[in-house]
Amino acid sequence: MKMKRMLAAMMTACLLLLTGCEFSSNSMLMSVEKETRTSCSVRYAKFNGRKQHVIRTYGDTRTILLDVVTESGTLGVTVKDKDGQVIYEAEGLKTGTSVIALPESGKYTVIMRAEEHSGSYALDWAD
């Protein structure tokens, strides 16, 4: 009976360690996030890993404005349509604004990827 308890405790400890490892590889330090129906912004001291935003555009809205501030590190973005097809991808984003053209209104997934990135980004998909 003691052996089963010990084995269960060891398995639980291993699971906790594995979960902790995954969390530490995808983290934001000292972050502030704001989201509305047509925009989102994220500011942070350090960002490692990826963050996904699902957005929906309506009517004539066929662009996403991506505003980036890069103090250090690297930041990349991928935009996928509702079928998972990549429609836009960029790496090494510097401070500035990019206009991402969308083929039509609808649902899109924006994936931000960072390595030791300090700064912020904002997405705006309102007309």
# chains A, B, ... in the order shown; residues from 1 in each chain; ligands from 1
>>> residues_around(residues="range 73-86 of chain A", least_positions_apart="2", cutoff="10 Å", atoms="only C-alpha atoms", output="number ranges by chain")
A: 46-54, 56, 64, 66, 68-71, 88-94, 100, 102-121
>>> atom_distance(atom1="CA of Asp67 in chain A", atom2="CA of Ser39 in chain A")
11.1 Å
>>> atom_distance(atom1="CA of Thr38 in chain A", atom2="CA of Ala101 in chain A")
15.6 Å
>>> select_by_dssp(residues="range 27-86 of chain A", states="strand (DSSP E or B)", output="NGL selection string")
:A and (27-29 or 32-35 or 39-56 or 63-80 or 86)
>>> atom_distance(atom1="CA of Asp60 in chain A", atom2="CA of Glu33 in chain A")
26.8 Å
>>> select_by_dssp(residues="range 10-119 of chain A", states="helix (DSSP H, G or I)", output="ChimeraX atom specification")
/A:10-24
>>> decode(residues="range 104-126 of chain A", atoms="N, CA and C atoms", output="mmCIF file, in the first residue's frame")
data_model
loop_
_atom_site.group_PDB
_atom_site.id
_atom_site.type_symbol
_atom_site.label_atom_id
_atom_site.label_comp_id
_atom_site.auth_asym_id
_atom_site.auth_seq_id
_atom_site.Cartn_x
_atom_site.Cartn_y
_atom_site.Cartn_z
ATOM 1 N N GLU A 104 -11.080 38.894 -46.937
ATOM 2 C CA GLU A 104 -12.511 39.114 -46.723
ATOM 3 C C GLU A 104 -12.778 39.292 -45.241
ATOM 4 N N SER A 105 -13.963 39.750 -44.912
ATOM 5 C CA SER A 105 -14.357 39.829 -43.503
ATOM 6 C C SER A 105 -14.555 38.419 -42.983
ATOM 7 N N GLY A 106 -14.339 38.236 -41.683
ATOM 8 C CA GLY A 106 -14.544 36.914 -41.108
ATOM 9 C C GLY A 106 -13.664 36.684 -39.895
ATOM 10 N N LYS A 107 -13.474 35.413 -39.591
ATOM 11 C CA LYS A 107 -12.706 35.005 -38.419
ATOM 12 C C LYS A 107 -11.254 34.748 -38.792
ATOM 13 N N TYR A 108 -10.327 35.305 -37.972
ATOM 14 C CA TYR A 108 -8.892 35.138 -38.190
ATOM 15 C C TYR A 108 -8.202 34.834 -36.866
ATOM 16 N N THR A 109 -7.106 34.121 -36.947
ATOM 17 C CA THR A 109 -6.280 33.834 -35.783
ATOM 18 C C THR A 109 -4.945 34.542 -35.968
ATOM 19 N N VAL A 110 -4.598 35.373 -34.989
ATOM 20 C CA VAL A 110 -3.326 36.093 -35.005
ATOM 21 C C VAL A 110 -2.441 35.466 -33.938
ATOM 22 N N ILE A 111 -1.278 34.978 -34.324
ATOM 23 C CA ILE A 111 -0.352 34.333 -33.403
ATOM 24 C C ILE A 111 0.909 35.196 -33.304
ATOM 25 N N MET A 112 1.171 35.664 -32.101
ATOM 26 C CA MET A 112 2.373 36.453 -31.843
ATOM 27 C C MET A 112 3.411 35.524 -31.227
ATOM 28 N N ARG A 113 4.655 35.565 -31.738
ATOM 29 C CA ARG A 113 5.742 34.725 -31.235
ATOM 30 C C ARG A 113 6.888 35.619 -30.779
ATOM 31 N N ALA A 114 7.434 35.324 -29.606
ATOM 32 C CA ALA A 114 8.488 36.192 -29.076
ATOM 33 C C ALA A 114 9.625 35.381 -28.483
ATOM 34 N N GLU A 115 10.817 35.961 -28.593
ATOM 35 C CA GLU A 115 12.004 35.444 -27.910
ATOM 36 C C GLU A 115 12.640 36.606 -27.174
ATOM 37 N N GLU A 116 12.527 36.571 -25.851
ATOM 38 C CA GLU A 116 13.112 37.617 -25.001
ATOM 39 C C GLU A 116 12.706 39.018 -25.466
ATOM 40 N N HIS A 117 11.457 39.155 -25.902
ATOM 41 C CA HIS A 117 10.995 40.449 -26.425
ATOM 42 C C HIS A 117 10.541 41.350 -25.292
ATOM 43 N N SER A 118 11.021 42.581 -25.301
ATOM 44 C CA SER A 118 10.570 43.616 -24.386
ATOM 45 C C SER A 118 9.894 44.686 -25.225
ATOM 46 N N GLY A 119 8.719 45.113 -24.794
ATOM 47 C CA GLY A 119 7.997 46.143 -25.531
ATOM 48 C C GLY A 119 6.507 45.931 -25.483
ATOM 49 N N SER A 120 5.870 46.048 -26.642
ATOM 50 C CA SER A 120 4.415 45.918 -26.694
ATOM 51 C C SER A 120 3.969 45.678 -28.135
ATOM 52 N N TYR A 121 2.689 45.285 -28.256
ATOM 53 C CA TYR A 121 2.062 45.241 -29.569
ATOM 54 C C TYR A 121 0.572 45.527 -29.380
ATOM 55 N N ALA A 122 -0.037 46.044 -30.443
ATOM 56 C CA ALA A 122 -1.475 46.319 -30.436
ATOM 57 C C ALA A 122 -2.044 45.926 -31.789
ATOM 58 N N LEU A 123 -3.225 45.341 -31.763
ATOM 59 C CA LEU A 123 -3.941 44.960 -32.971
ATOM 60 C C LEU A 123 -5.245 45.758 -33.010
ATOM 61 N N ASP A 124 -5.570 46.304 -34.168
ATOM 62 C CA ASP A 124 -6.803 47.054 -34.337
ATOM 63 C C ASP A 124 -7.430 46.647 -35.668
ATOM 64 N N TRP A 125 -8.652 46.145 -35.632
ATOM 65 C CA TRP A 125 -9.285 45.695 -36.859
ATOM 66 C C TRP A 125 -10.628 46.395 -37.092
ATOM 67 N N ALA A 126 -10.749 47.623 -36.606
ATOM 68 C CA ALA A 126 -11.939 48.441 -36.844
ATOM 69 C C ALA A 126 -11.706 49.315 -38.060
#
